[in-house]
>>> print(open('work-v7.cif').read())   # mmCIF, C-alpha atoms
data_structure
loop_
_atom_site.label_atom_id
_atom_site.label_comp_id
_atom_site.auth_asym_id
_atom_site.auth_seq_id
_atom_site.Cartn_x
_atom_site.Cartn_y
_atom_site.Cartn_z
CA MET A 165 67.13 106.41 109.75
CA ASN A 166 67.88 105.86 106.07
CA ALA A 167 67.16 102.22 105.24
CA GLU A 168 69.59 102.27 102.34
CA PRO A 169 72.81 103.98 103.43
CA TRP A 170 74.37 103.65 100.00
CA ARG A 171 72.09 106.46 98.81
CA VAL A 172 73.92 108.75 101.25
CA GLY A 173 77.36 107.17 101.10
CA GLY A 174 77.53 106.57 97.36
CA PHE A 175 78.14 103.64 95.02
CA GLY A 176 81.52 102.47 93.79
CA LEU A 177 83.41 99.55 92.28
CA TYR A 178 86.66 98.05 93.55
CA ILE A 179 88.79 95.90 91.23
CA HIS A 180 91.62 93.90 92.80
CA TRP A 181 94.71 93.05 90.77
CA PRO A 182 96.63 90.59 92.97
CA PHE A 183 100.09 90.61 91.40
CA CYS A 184 103.29 92.40 92.42
CA GLN A 185 106.90 92.35 91.29
CA ALA A 186 107.97 91.56 94.87
CA LYS A 187 106.33 91.11 98.26
CA CYS A 188 107.15 93.96 100.64
CA PRO A 189 108.06 92.74 104.17
CA TYR A 190 105.43 94.91 105.86
CA CYS A 191 102.58 94.07 103.46
CA ASP A 192 99.60 92.00 104.59
CA PHE A 193 97.50 92.72 101.50
CA ASN A 194 96.45 89.97 99.13
CA SER A 195 99.39 90.26 96.74
CA HIS A 196 101.35 87.56 94.93
CA VAL A 197 104.54 87.26 92.91
CA VAL A 198 104.30 85.02 89.83
CA LYS A 199 106.54 84.32 86.86
CA SER A 200 103.99 85.12 84.17
CA ILE A 201 100.43 86.40 83.80
CA ASP A 202 98.01 85.53 81.04
CA GLN A 203 96.61 89.03 80.62
CA ASP A 204 93.95 87.99 78.10
CA ARG A 205 92.64 85.27 80.40
CA TRP A 206 92.46 87.67 83.32
CA ALA A 207 90.75 90.30 81.20
CA ARG A 208 88.04 87.82 80.23
CA ALA A 209 87.49 86.95 83.89
CA TYR A 210 87.13 90.58 84.93
CA LEU A 211 84.70 91.28 82.11
CA SER A 212 82.62 88.27 83.10
CA GLU A 213 82.52 89.46 86.71
CA LEU A 214 81.53 92.97 85.69
CA ASP A 215 78.56 91.57 83.81
CA ARG A 216 77.60 89.44 86.81
CA VAL A 217 77.69 92.21 89.43
CA ALA A 218 75.93 94.62 87.10
CA ALA A 219 72.86 92.37 87.00
CA ASP A 220 71.55 93.71 90.33
CA THR A 221 72.88 97.26 90.05
CA SER A 222 72.67 98.40 86.43
CA ASP A 223 69.99 100.95 87.36
CA ARG A 224 72.39 102.78 89.69
CA ILE A 225 74.71 105.68 88.94
CA LEU A 226 78.30 104.51 89.41
CA GLY A 227 80.37 107.15 91.16
CA THR A 228 83.85 105.66 91.37
CA VAL A 229 86.15 102.86 90.25
CA PHE A 230 89.31 101.90 92.13
CA PHE A 231 91.99 99.61 90.72
CA GLY A 232 93.82 98.30 93.81
CA GLY A 233 96.25 95.55 94.56
CA GLY A 234 98.80 94.26 94.33
CA THR A 235 100.21 96.53 91.68
CA PRO A 236 97.49 97.42 89.16
CA SER A 237 99.98 99.44 87.14
CA LEU A 238 101.31 96.06 85.99
CA MET A 239 98.04 95.52 84.12
CA ASP A 240 98.21 95.62 80.35
CA PRO A 241 96.64 98.93 79.27
CA ARG A 242 94.43 96.93 76.89
CA THR A 243 92.99 95.09 79.89
CA VAL A 244 92.20 98.38 81.63
CA ASP A 245 90.67 99.74 78.43
CA GLN A 246 88.43 96.67 78.04
CA ILE A 247 87.36 96.88 81.69
CA MET A 248 86.48 100.57 81.42
CA ASP A 249 84.52 99.99 78.21
CA ARG A 250 82.50 97.24 79.91
CA ILE A 251 81.89 99.43 82.96
CA ARG A 252 80.44 102.19 80.80
CA ALA A 253 78.30 99.63 78.97
CA ASN A 254 76.90 98.27 82.24
CA TRP A 255 76.30 101.47 84.24
CA ASN A 256 75.58 105.13 83.79
CA VAL A 257 78.41 107.01 85.46
CA ALA A 258 78.30 110.13 87.61
CA ASN A 259 79.16 113.55 86.23
CA ASP A 260 82.13 113.64 88.64
CA PHE A 261 83.08 110.00 87.90
CA GLU A 262 86.40 109.15 89.54
CA VAL A 263 88.69 106.32 88.35
CA THR A 264 91.75 105.70 90.53
CA MET A 265 94.67 103.36 89.93
CA GLU A 266 97.34 102.42 92.45
CA ALA A 267 100.84 102.33 91.03
CA ASN A 268 104.36 101.57 92.19
CA PRO A 269 107.19 103.80 90.93
CA SER A 270 109.10 100.78 89.64
CA SER A 271 106.28 99.98 87.22
CA VAL A 272 105.68 103.51 85.92
CA GLU A 273 106.27 104.27 82.27
CA ALA A 274 105.09 107.42 80.50
CA THR A 275 103.52 105.53 77.61
CA ARG A 276 101.73 103.13 79.96
CA PHE A 277 100.32 106.02 82.01
CA GLN A 278 99.17 107.78 78.86
CA ALA A 279 97.36 104.61 77.81
CA TYR A 280 95.68 104.33 81.22
CA ARG A 281 94.51 107.91 80.94
CA ALA A 282 93.14 107.24 77.46
CA ALA A 283 91.23 104.28 78.94
CA GLY A 284 89.59 106.56 81.51
CA VAL A 285 91.82 106.54 84.57
CA ASP A 286 91.89 110.09 85.93
CA ARG A 287 93.54 109.68 89.33
CA VAL A 288 96.72 107.84 90.34
CA SER A 289 97.95 106.89 93.79
CA LEU A 290 101.70 106.20 93.94
CA GLY A 291 103.18 103.92 96.60
CA ILE A 292 106.36 105.88 97.23
CA GLN A 293 106.58 105.06 100.99
CA ALA A 294 109.92 106.81 101.71
CA LEU A 295 112.05 109.55 100.17
CA ASN A 296 115.52 108.13 100.81
CA ASP A 297 117.22 105.05 99.40
CA THR A 298 118.28 103.54 102.74
CA ASP A 299 114.74 103.37 104.07
CA LEU A 300 113.33 102.25 100.74
CA LYS A 301 115.71 99.30 100.79
CA ALA A 302 114.77 98.47 104.38
CA LEU A 303 111.09 98.52 103.39
CA GLY A 304 111.78 96.09 100.54
CA ARG A 305 110.85 98.57 97.83
CA LEU A 306 112.20 98.01 94.33
CA HIS A 307 112.52 101.69 93.42
CA SER A 308 114.99 104.37 94.44
CA ALA A 309 114.13 107.86 95.67
CA GLY A 310 115.15 109.22 92.29
CA GLU A 311 112.88 106.78 90.48
CA ALA A 312 110.03 107.74 92.81
CA LYS A 313 110.40 111.43 91.95
CA ALA A 314 110.62 110.61 88.23
CA ALA A 315 107.45 108.51 88.49
CA LEU A 316 105.70 111.33 90.34
CA ASP A 317 106.72 113.80 87.62
CA ILE A 318 105.28 111.49 84.96
CA ALA A 319 102.05 111.06 86.94
CA GLN A 320 101.64 114.79 87.49
CA SER A 321 102.18 115.53 83.81
CA THR A 322 99.68 112.83 82.78
CA PHE A 323 96.83 113.00 85.31
CA ASP A 324 94.90 115.90 86.79
CA ARG A 325 94.74 114.23 90.20
CA VAL A 326 97.70 112.52 91.87
CA SER A 327 98.29 111.18 95.36
CA PHE A 328 101.19 109.36 96.95
CA ASP A 329 101.76 107.29 100.09
CA LEU A 330 104.46 107.62 102.73
CA ILE A 331 105.09 105.42 105.77
CA TYR A 332 106.44 106.89 108.99
CA ALA A 333 107.70 105.48 112.32
CA ARG A 334 110.21 103.48 110.31
CA GLN A 335 113.37 101.90 111.69
CA ASN A 336 115.95 104.47 112.89
CA GLN A 337 113.62 107.36 111.96
CA SER A 338 113.67 110.37 114.27
CA LEU A 339 111.05 113.07 114.64
CA ALA A 340 113.40 115.50 112.88
CA ASP A 341 113.84 113.00 110.03
CA TRP A 342 110.09 112.78 109.54
CA GLU A 343 109.67 116.55 109.69
CA ALA A 344 112.29 116.99 106.96
CA GLU A 345 110.65 114.29 104.85
CA LEU A 346 107.21 115.90 105.18
CA THR A 347 108.65 119.24 104.12
CA LYS A 348 110.23 117.62 101.08
CA ALA A 349 107.02 115.76 100.23
CA LEU A 350 105.00 118.96 100.38
CA SER A 351 107.42 120.64 97.99
CA TYR A 352 106.24 118.23 95.27
CA GLY A 353 102.91 120.03 95.16
CA THR A 354 100.46 117.13 95.15
CA ALA A 355 96.96 117.86 96.44
CA HIS A 356 96.55 114.54 98.28
CA MET A 357 98.86 112.43 100.44
CA SER A 358 98.25 109.25 102.42
CA LEU A 359 100.54 109.13 105.46
CA TYR A 360 100.53 105.86 107.37
CA GLN A 361 102.28 104.77 110.55
CA LEU A 362 104.22 101.55 110.04
CA THR A 363 102.34 98.70 111.66
CA ILE A 364 103.83 95.25 112.10
CA GLU A 365 101.27 92.62 111.11
CA ASP A 366 101.27 88.90 111.85
CA GLY A 367 102.05 86.79 108.82
CA THR A 368 104.38 89.35 107.24
CA ALA A 369 108.16 89.16 107.00
CA PHE A 370 108.42 92.09 109.42
CA GLY A 371 106.08 90.28 111.81
CA ASP A 372 108.29 87.20 111.76
CA ARG A 373 111.42 89.32 112.31
CA LEU A 374 109.83 91.12 115.24
CA LYS A 375 108.92 87.82 116.92
CA ALA A 376 112.49 86.64 116.42
CA GLY A 377 113.87 89.85 117.94
CA LYS A 378 115.47 90.89 114.67
CA LEU A 379 113.43 94.00 113.85
CA CYS A 380 115.28 96.65 115.79
CA ASP A 381 115.33 100.42 116.24
CA LEU A 382 111.63 101.09 115.68
CA PRO A 383 110.44 104.35 117.28
CA ASP A 384 108.68 103.84 120.61
CA GLU A 385 105.02 104.68 121.18
CA ASP A 386 105.74 108.20 122.42
CA ILE A 387 107.86 109.12 119.40
CA SER A 388 105.29 107.53 117.07
CA ALA A 389 102.55 109.63 118.70
CA ASP A 390 104.72 112.72 118.29
CA MET A 391 105.11 111.86 114.61
CA PHE A 392 101.33 111.62 114.26
CA GLU A 393 100.84 115.02 115.89
CA LEU A 394 103.58 116.55 113.77
CA THR A 395 101.90 115.14 110.67
CA GLN A 396 98.58 116.73 111.58
CA SER A 397 100.00 120.17 112.33
CA THR A 398 102.36 120.24 109.35
CA MET A 399 99.77 119.12 106.82
CA THR A 400 97.08 121.41 108.18
CA ALA A 401 99.43 124.38 108.00
CA ALA A 402 100.18 123.46 104.38
CA GLY A 403 96.48 123.41 103.45
CA LEU A 404 96.12 119.61 103.39
CA PRO A 405 94.31 118.78 106.63
CA ALA A 406 93.39 115.23 107.51
CA TYR A 407 89.93 114.39 106.21
CA GLU A 408 90.51 110.85 107.51
CA VAL A 409 92.98 109.48 110.05
CA SER A 410 95.77 108.88 107.50
CA ASN A 411 94.59 110.83 104.47
CA HIS A 412 95.28 114.50 103.79
CA ALA A 413 93.99 116.65 100.94
CA LYS A 414 93.29 120.12 99.72
CA ALA A 415 89.59 120.96 99.69
CA GLY A 416 87.85 119.06 96.90
CA GLU A 417 90.76 116.65 96.34
CA GLU A 418 89.61 113.92 98.71
CA SER A 419 89.45 110.35 97.40
CA ARG A 420 85.78 110.04 96.51
CA HIS A 421 86.06 106.27 96.32
CA ASN A 422 87.43 105.89 99.85
CA LEU A 423 84.77 108.27 101.14
CA ILE A 424 82.19 105.71 100.02
CA TYR A 425 83.70 103.23 102.51
CA TRP A 426 83.84 105.76 105.34
CA ARG A 427 80.33 107.11 104.68
CA GLY A 428 78.74 103.67 104.67
CA GLY A 429 77.98 103.52 100.98
CA ASP A 430 77.74 100.46 98.73
CA TYR A 431 80.65 99.10 96.78
CA LEU A 432 81.11 96.10 94.55
CA GLY A 433 84.31 94.10 94.93
CA ILE A 434 85.69 91.89 92.17
CA GLY A 435 89.01 90.12 91.90
CA PRO A 436 90.83 87.76 94.30
CA GLY A 437 90.24 88.74 97.93
CA ALA A 438 87.96 91.67 97.12
CA HIS A 439 85.22 92.50 99.61
CA GLY A 440 81.95 94.28 98.89
CA ARG A 441 78.88 95.76 100.54
CA LEU A 442 75.67 95.72 98.54
CA THR A 443 72.14 96.76 99.51
CA ILE A 444 69.34 94.93 97.69
CA ASN A 445 65.68 95.61 98.48
CA GLY A 446 66.60 97.23 101.79
CA THR A 447 68.88 94.43 102.97
CA ARG A 448 72.63 94.86 103.05
CA TYR A 449 74.97 92.02 102.14
CA ALA A 450 78.68 91.47 102.64
CA THR A 451 80.42 89.74 99.75
CA GLU A 452 83.79 87.99 99.65
CA THR A 453 85.90 86.35 96.98
CA PRO A 454 88.60 83.66 97.23
CA LEU A 455 92.04 84.98 98.18
CA ALA A 456 94.10 82.74 95.91
CA PRO A 457 94.31 84.14 92.36
CA SER A 458 94.25 80.70 90.75
CA ILE A 459 91.15 79.64 92.70
CA TRP A 460 89.31 82.89 91.91
CA LEU A 461 90.16 82.65 88.22
CA LYS A 462 89.09 79.01 87.98
CA SER A 463 85.85 79.78 89.82
CA VAL A 464 84.95 82.53 87.35
CA GLU A 465 85.73 80.29 84.39
CA ASP A 466 84.06 77.12 85.71
CA THR A 467 81.06 78.46 87.61
CA GLY A 468 80.48 81.94 86.21
CA THR A 469 81.14 83.67 89.52
CA GLY A 470 84.19 84.75 91.49
CA GLN A 471 82.14 85.31 94.61
CA ALA A 472 82.83 82.91 97.47
CA SER A 473 80.14 84.12 99.87
CA GLN A 474 77.31 86.57 100.36
CA SER A 475 76.04 87.07 103.90
CA ARG A 476 73.30 89.29 105.28
CA VAL A 477 74.46 92.19 107.43
CA SER A 478 71.99 92.91 110.23
CA ALA A 479 70.64 96.41 110.78
CA ASP A 480 72.63 96.68 114.02
CA GLU A 481 75.80 95.62 112.23
CA VAL A 482 75.19 98.14 109.44
CA GLU A 483 74.91 100.97 111.94
CA THR A 484 77.87 99.87 114.05
CA GLU A 485 80.04 99.52 110.96
CA TYR A 486 78.99 103.00 109.84
CA VAL A 487 79.96 104.51 113.20
CA MET A 488 83.33 102.77 113.18
CA MET A 489 84.14 103.92 109.66
CA SER A 490 82.68 107.43 109.74
CA LEU A 491 84.46 108.41 112.96
CA ARG A 492 87.72 107.96 111.06
CA THR A 493 86.80 111.09 109.10
CA ALA A 494 86.78 114.77 109.92
CA GLU A 495 83.07 114.99 109.05
CA GLY A 496 82.27 112.25 111.55
CA THR A 497 79.02 110.37 112.17
CA ASP A 498 75.52 111.57 111.33
CA LEU A 499 73.49 110.43 114.32
CA GLN A 500 70.26 110.76 112.32
CA ARG A 501 71.33 107.64 110.43
CA LEU A 502 71.21 105.58 113.62
CA SER A 503 68.18 103.81 115.02
CA GLY A 504 66.68 104.57 118.40
CA ARG A 505 68.06 101.31 119.75
CA LEU A 506 71.70 102.06 118.99
CA MET A 507 71.31 105.68 120.07
CA SER A 508 69.92 104.59 123.43
CA ASP A 509 72.91 102.26 123.84
CA ILE A 510 75.56 104.89 123.10
CA THR A 511 74.05 108.22 124.24
CA ASN A 512 75.62 108.03 127.71
CA ASN A 513 78.95 107.06 126.18
CA ILE A 514 78.76 110.01 123.78
CA ASN A 515 78.15 112.36 126.69
CA LYS A 516 81.04 110.90 128.68
CA LEU A 517 83.47 111.10 125.76
CA GLU A 518 82.30 114.64 125.01
CA GLU A 519 83.06 115.68 128.60
CA MET A 520 86.55 114.19 128.17
CA ASN A 521 87.03 116.23 124.95
CA LEU A 522 87.39 113.00 122.97
CA LEU A 523 84.24 113.66 120.93
CA VAL A 524 82.77 116.86 119.55
CA ARG A 525 79.04 117.20 118.91
CA SER A 526 77.67 119.61 116.31
CA ASP A 527 73.94 119.46 115.65
CA SER A 528 73.29 115.84 114.67
CA HIS A 529 76.96 114.96 114.09
CA ILE A 530 79.72 113.65 116.33
CA SER A 531 83.39 113.63 115.40
CA VAL A 532 86.78 112.97 116.94
CA PRO A 533 88.98 116.08 117.20
CA ALA A 534 91.99 115.94 114.89
CA ASP A 535 94.48 115.83 117.76
CA LYS A 536 92.62 112.92 119.37
CA ARG A 537 92.36 110.62 116.34
CA VAL A 538 95.55 108.91 117.45
CA LEU A 539 93.30 107.48 120.21
CA LEU A 540 90.54 106.43 117.81
CA ASN A 541 90.60 102.71 118.63
CA ALA A 542 90.26 103.40 122.35
CA ILE A 543 87.49 105.95 121.69
CA LEU A 544 85.53 103.47 119.58
CA LYS A 545 85.91 100.82 122.26
CA GLU A 546 84.45 103.17 124.87
CA LEU A 547 81.69 104.39 122.55
CA LEU A 548 80.46 100.99 121.38
CA VAL A 549 81.07 98.99 124.57
#
>>> encode(input="work-v7.cif", output="structure tokens")
Amino acid sequence: MNAEPWRVGGFGLYIHWPFCQAKCPYCDFNSHVVKSIDQDRWARAYLSELDRVAADTSDRILGTVFFGGGTPSLMDPRTVDQIMDRIRANWNVANDFEVTMEANPSSVEATRFQAYRAAGVDRVSLGIQALNDTDLKALGRLHSAGEAKAALDIAQSTFDRVSFDLIYARQNQSLADWEAELTKALSYGTAHMSLYQLTIEDGTAFGDRLKAGKLCDLPDEDISADMFELTQSTMTAAGLPAYEVSNHAKAGEESRHNLIYWRGGDYLGIGPGAHGRLTINGTRYATETPLAPSIWLKSVEDTGTGQASQSRVSADEVETEYVMMSLRTAEGTDLQRLSGRLMSDITNNINKLEEMNLLVRSDSHISVPADKRVLLNAILKELLV
């Protein structure tokens, strides 16, 4: 067993920008709509936090940075430039250093993207979500299908690596509709796509509508499962197989930052609501920050830290978390990273699931077959019972 899984999984930095132009009805992320943003004040807070988290990790090689949100493409390019300068001052970066920014088509401008690239962003993930105006409106998106394609064109002409998101199992969407949309999406030629099934979460506008019986015409479970299977076969045939449940890429185009999560690596989280995992002297810690932007900002300014808590993660919890995350991926779980105690607990379950063709074992690895990942939650429940 490797006592410090981050050495295998990697080391990254997540920066949360909590602001959006509007709150989408399906979104349960920590995002907020405000009238104005003091960009200089926020920049100072991020720089302060970067210095703080670097204190325990400055001797590490930083592999990735991910600007998430919210809508990070609303950040002033000067803020991004300052952040990237401070990152390079605080850490040595990997030769294949990856810097990703999430962006919404409604906030994309060619000059802004060029400035982000100049600051060091080399990968963009666009939240397109649907390729027709009717469904975009139903999802609460501010952009049209035409604006989405224009934003994608700008991204592809500016950055070497581009990804975009689509949501399926939407209201009134048939299997044939989704097949046509996938075909259209593939014609755009991106090397990475994130394809998510619409889930209705408590606390969202869609969740409230569903409880009130006002969210109608969602595909049933069978059609949703058919959509998942169609996604897998279509993307695999196009050379973008799923390397994770919802993420598809050509070989070598995987999100290196997200792989850190799924491989059990370490990652620093700064910004409102950001989570982190950090191993110090062989002990892993989970970090959290306040959700409310105003509280996080005031905490940084008044106390010198935006961190709300740091709790020890037990060895059993580290291993269980690794299994749960790694089985989301095509490469699966390396059993050599598990202790004898956990292995003794799950060996019989592995054998049973293998006999049911729900797990595949190869040398010291186990993985969930691509056509069975739709059952992942049930598989994990049986494995870790």
>>> resolve_selection(input="work-v7.cif", expression="the PyMOL selection byres ((chain A and resi 177) around 6)", output="ChimeraX atom specification")
/A:176,178,229,431-432
>>> write_last_selection(input="work-v7.cif", atoms="C-alpha atoms", output="PDB file, in the frame of the given file")
ATOM      1  CA  GLY A 176      81.520 102.470  93.790  1.00  0.00           C
ATOM      2  CA  TYR A 178      86.660  98.050  93.550  1.00  0.00           C
ATOM      3  CA  VAL A 229      86.150 102.860  90.250  1.00  0.00           C
ATOM      4  CA  TYR A 431      80.650  99.100  96.780  1.00  0.00           C
ATOM      5  CA  LEU A 432      81.110  96.100  94.550  1.00  0.00           C
TER       6      LEU A 432
END
>>> resolve_selection(input="work-v7.cif", expression="the PyMOL selection byres ((chain A and resi 267) around 10)", output="compact mmCIF listing (two decimals) with C-alpha atoms, in the coordinates of the input")
# COMPACT_ATOMS: atom_id res chain seq x y z
CA PHE A 231 91.99 99.61 90.72
CA GLY A 232 93.82 98.30 93.81
CA GLY A 233 96.25 95.55 94.56
CA GLY A 234 98.80 94.26 94.33
CA THR A 235 100.21 96.53 91.68
CA PRO A 236 97.49 97.42 89.16
CA SER A 237 99.98 99.44 87.14
CA LEU A 238 101.31 96.06 85.99
CA THR A 264 91.75 105.70 90.53
CA MET A 265 94.67 103.36 89.93
CA GLU A 266 97.34 102.42 92.45
CA ASN A 268 104.36 101.57 92.19
CA PRO A 269 107.19 103.80 90.93
CA SER A 270 109.10 100.78 89.64
CA SER A 271 106.28 99.98 87.22
CA VAL A 272 105.68 103.51 85.92
CA PHE A 277 100.32 106.02 82.01
CA VAL A 288 96.72 107.84 90.34
CA SER A 289 97.95 106.89 93.79
CA LEU A 290 101.70 106.20 93.94
CA GLY A 291 103.18 103.92 96.60
CA ILE A 292 106.36 105.88 97.23
CA ALA A 315 107.45 108.51 88.49
CA ALA A 319 102.05 111.06 86.94
CA PHE A 328 101.19 109.36 96.95
>>> atom_distance(input="work-v7.cif", atom1="CA of Gly435 in chain A", atom2="CA of Glu213 in chain A")
8.3 Å
>>> resolve_selection(input="work-v7.cif", expression="the PyMOL selection byres ((chain A and resi 343-359) around 6)", output="list in words")
Ser327, Phe328, Asp329, Leu330, Ile331, Ala340, Asp341, Trp342, Tyr360, Ser410, Asn411, His412, Ala413 and Lys414 of chain A
>>> write_last_selection(input="work-v7.cif", atoms="C-alpha atoms", output="PDB file, keeping the file's coordinate frame")
ATOM      1  CA  SER A 327      98.290 111.180  95.360  1.00  0.00           C
ATOM      2  CA  PHE A 328     101.190 109.360  96.950  1.00  0.00           C
ATOM      3  CA  ASP A 329     101.760 107.290 100.090  1.00  0.00           C
ATOM      4  CA  LEU A 330     104.460 107.620 102.730  1.00  0.00           C
ATOM      5  CA  ILE A 331     105.090 105.420 105.770  1.00  0.00           C
ATOM      6  CA  ALA A 340     113.400 115.500 112.880  1.00  0.00           C
ATOM      7  CA  ASP A 341     113.840 113.000 110.030  1.00  0.00           C
ATOM      8  CA  TRP A 342     110.090 112.780 109.540  1.00  0.00           C
ATOM      9  CA  TYR A 360     100.530 105.860 107.370  1.00  0.00           C
ATOM     10  CA  SER A 410      95.770 108.880 107.500  1.00  0.00           C
ATOM     11  CA  ASN A 411      94.590 110.830 104.470  1.00  0.00           C
ATOM     12  CA  HIS A 412      95.280 114.500 103.790  1.00  0.00           C
ATOM     13  CA  ALA A 413      93.990 116.650 100.940  1.00  0.00           C
ATOM     14  CA  LYS A 414      93.290 120.120  99.720  1.00  0.00           C
TER      15      LYS A 414
END
>>> closest_residue(input="work-v7.cif", among="A:Leu539, A:Met489, A:Val464, A:Ala402", to="Asn422 in chain A", atoms="all atoms listed in the file")
A:Met489
>>> decode(input="work-v7.cif", residues="range 487-501 of chain A", atoms="N, CA, C and O atoms", output="CSV table (one decimal), in the first residue's frame")
chain,number,residue,atom,x,y,z
A,487,VAL,N,-11.5,3.7,-3.9
A,487,VAL,CA,-12.3,2.7,-4.6
A,487,VAL,C,-13.5,3.3,-5.3
A,487,VAL,O,-13.8,3.1,-6.5
A,488,MET,N,-14.2,4.1,-4.5
A,488,MET,CA,-15.5,4.8,-5.1
A,488,MET,C,-15.2,5.7,-6.3
A,488,MET,O,-16.0,5.7,-7.2
A,489,MET,N,-14.1,6.4,-6.2
A,489,MET,CA,-13.8,7.3,-7.3
A,489,MET,C,-13.1,6.6,-8.5
A,489,MET,O,-13.5,6.8,-9.6
A,490,SER,N,-12.2,5.7,-8.2
A,490,SER,CA,-11.5,5.0,-9.3
A,490,SER,C,-12.3,4.1,-10.1
A,490,SER,O,-12.1,3.9,-11.3
A,491,LEU,N,-13.4,3.5,-9.5
A,491,LEU,CA,-14.2,2.6,-10.3
A,491,LEU,C,-15.1,3.4,-11.2
A,491,LEU,O,-15.8,2.8,-12.1
A,492,ARG,N,-15.1,4.7,-11.1
A,492,ARG,CA,-15.8,5.5,-12.1
A,492,ARG,C,-15.1,5.5,-13.5
A,492,ARG,O,-15.7,5.9,-14.5
A,493,THR,N,-13.8,5.1,-13.4
A,493,THR,CA,-13.0,5.3,-14.6
A,493,THR,C,-12.8,3.9,-15.3
A,493,THR,O,-13.0,2.8,-14.8
A,494,ALA,N,-12.4,4.0,-16.6
A,494,ALA,CA,-12.1,2.8,-17.4
A,494,ALA,C,-10.9,2.1,-16.8
A,494,ALA,O,-10.9,0.8,-16.9
A,495,GLU,N,-9.9,2.8,-16.3
A,495,GLU,CA,-8.7,2.1,-15.7
A,495,GLU,C,-9.0,1.4,-14.4
A,495,GLU,O,-8.3,0.5,-14.1
A,496,GLY,N,-10.0,1.8,-13.7
A,496,GLY,CA,-10.4,1.1,-12.5
A,496,GLY,C,-9.6,1.3,-11.3
A,496,GLY,O,-8.8,2.3,-11.2
A,497,THR,N,-9.6,0.3,-10.4
A,497,THR,CA,-9.0,0.4,-9.1
A,497,THR,C,-7.8,-0.5,-9.0
A,497,THR,O,-7.8,-1.7,-9.4
A,498,ASP,N,-6.7,0.0,-8.6
A,498,ASP,CA,-5.4,-0.8,-8.3
A,498,ASP,C,-5.5,-1.4,-6.9
A,498,ASP,O,-5.4,-0.7,-5.9
A,499,LEU,N,-5.7,-2.7,-6.9
A,499,LEU,CA,-5.9,-3.3,-5.6
A,499,LEU,C,-4.7,-3.3,-4.7
A,499,LEU,O,-4.7,-3.5,-3.5
A,500,GLN,N,-3.5,-3.1,-5.3
A,500,GLN,CA,-2.3,-3.0,-4.6
A,500,GLN,C,-2.2,-1.8,-3.7
A,500,GLN,O,-1.4,-1.7,-2.8
A,501,ARG,N,-3.1,-0.8,-4.0
A,501,ARG,CA,-3.1,0.4,-3.1
A,501,ARG,C,-4.0,0.2,-1.9
A,501,ARG,O,-4.2,1.1,-1.1
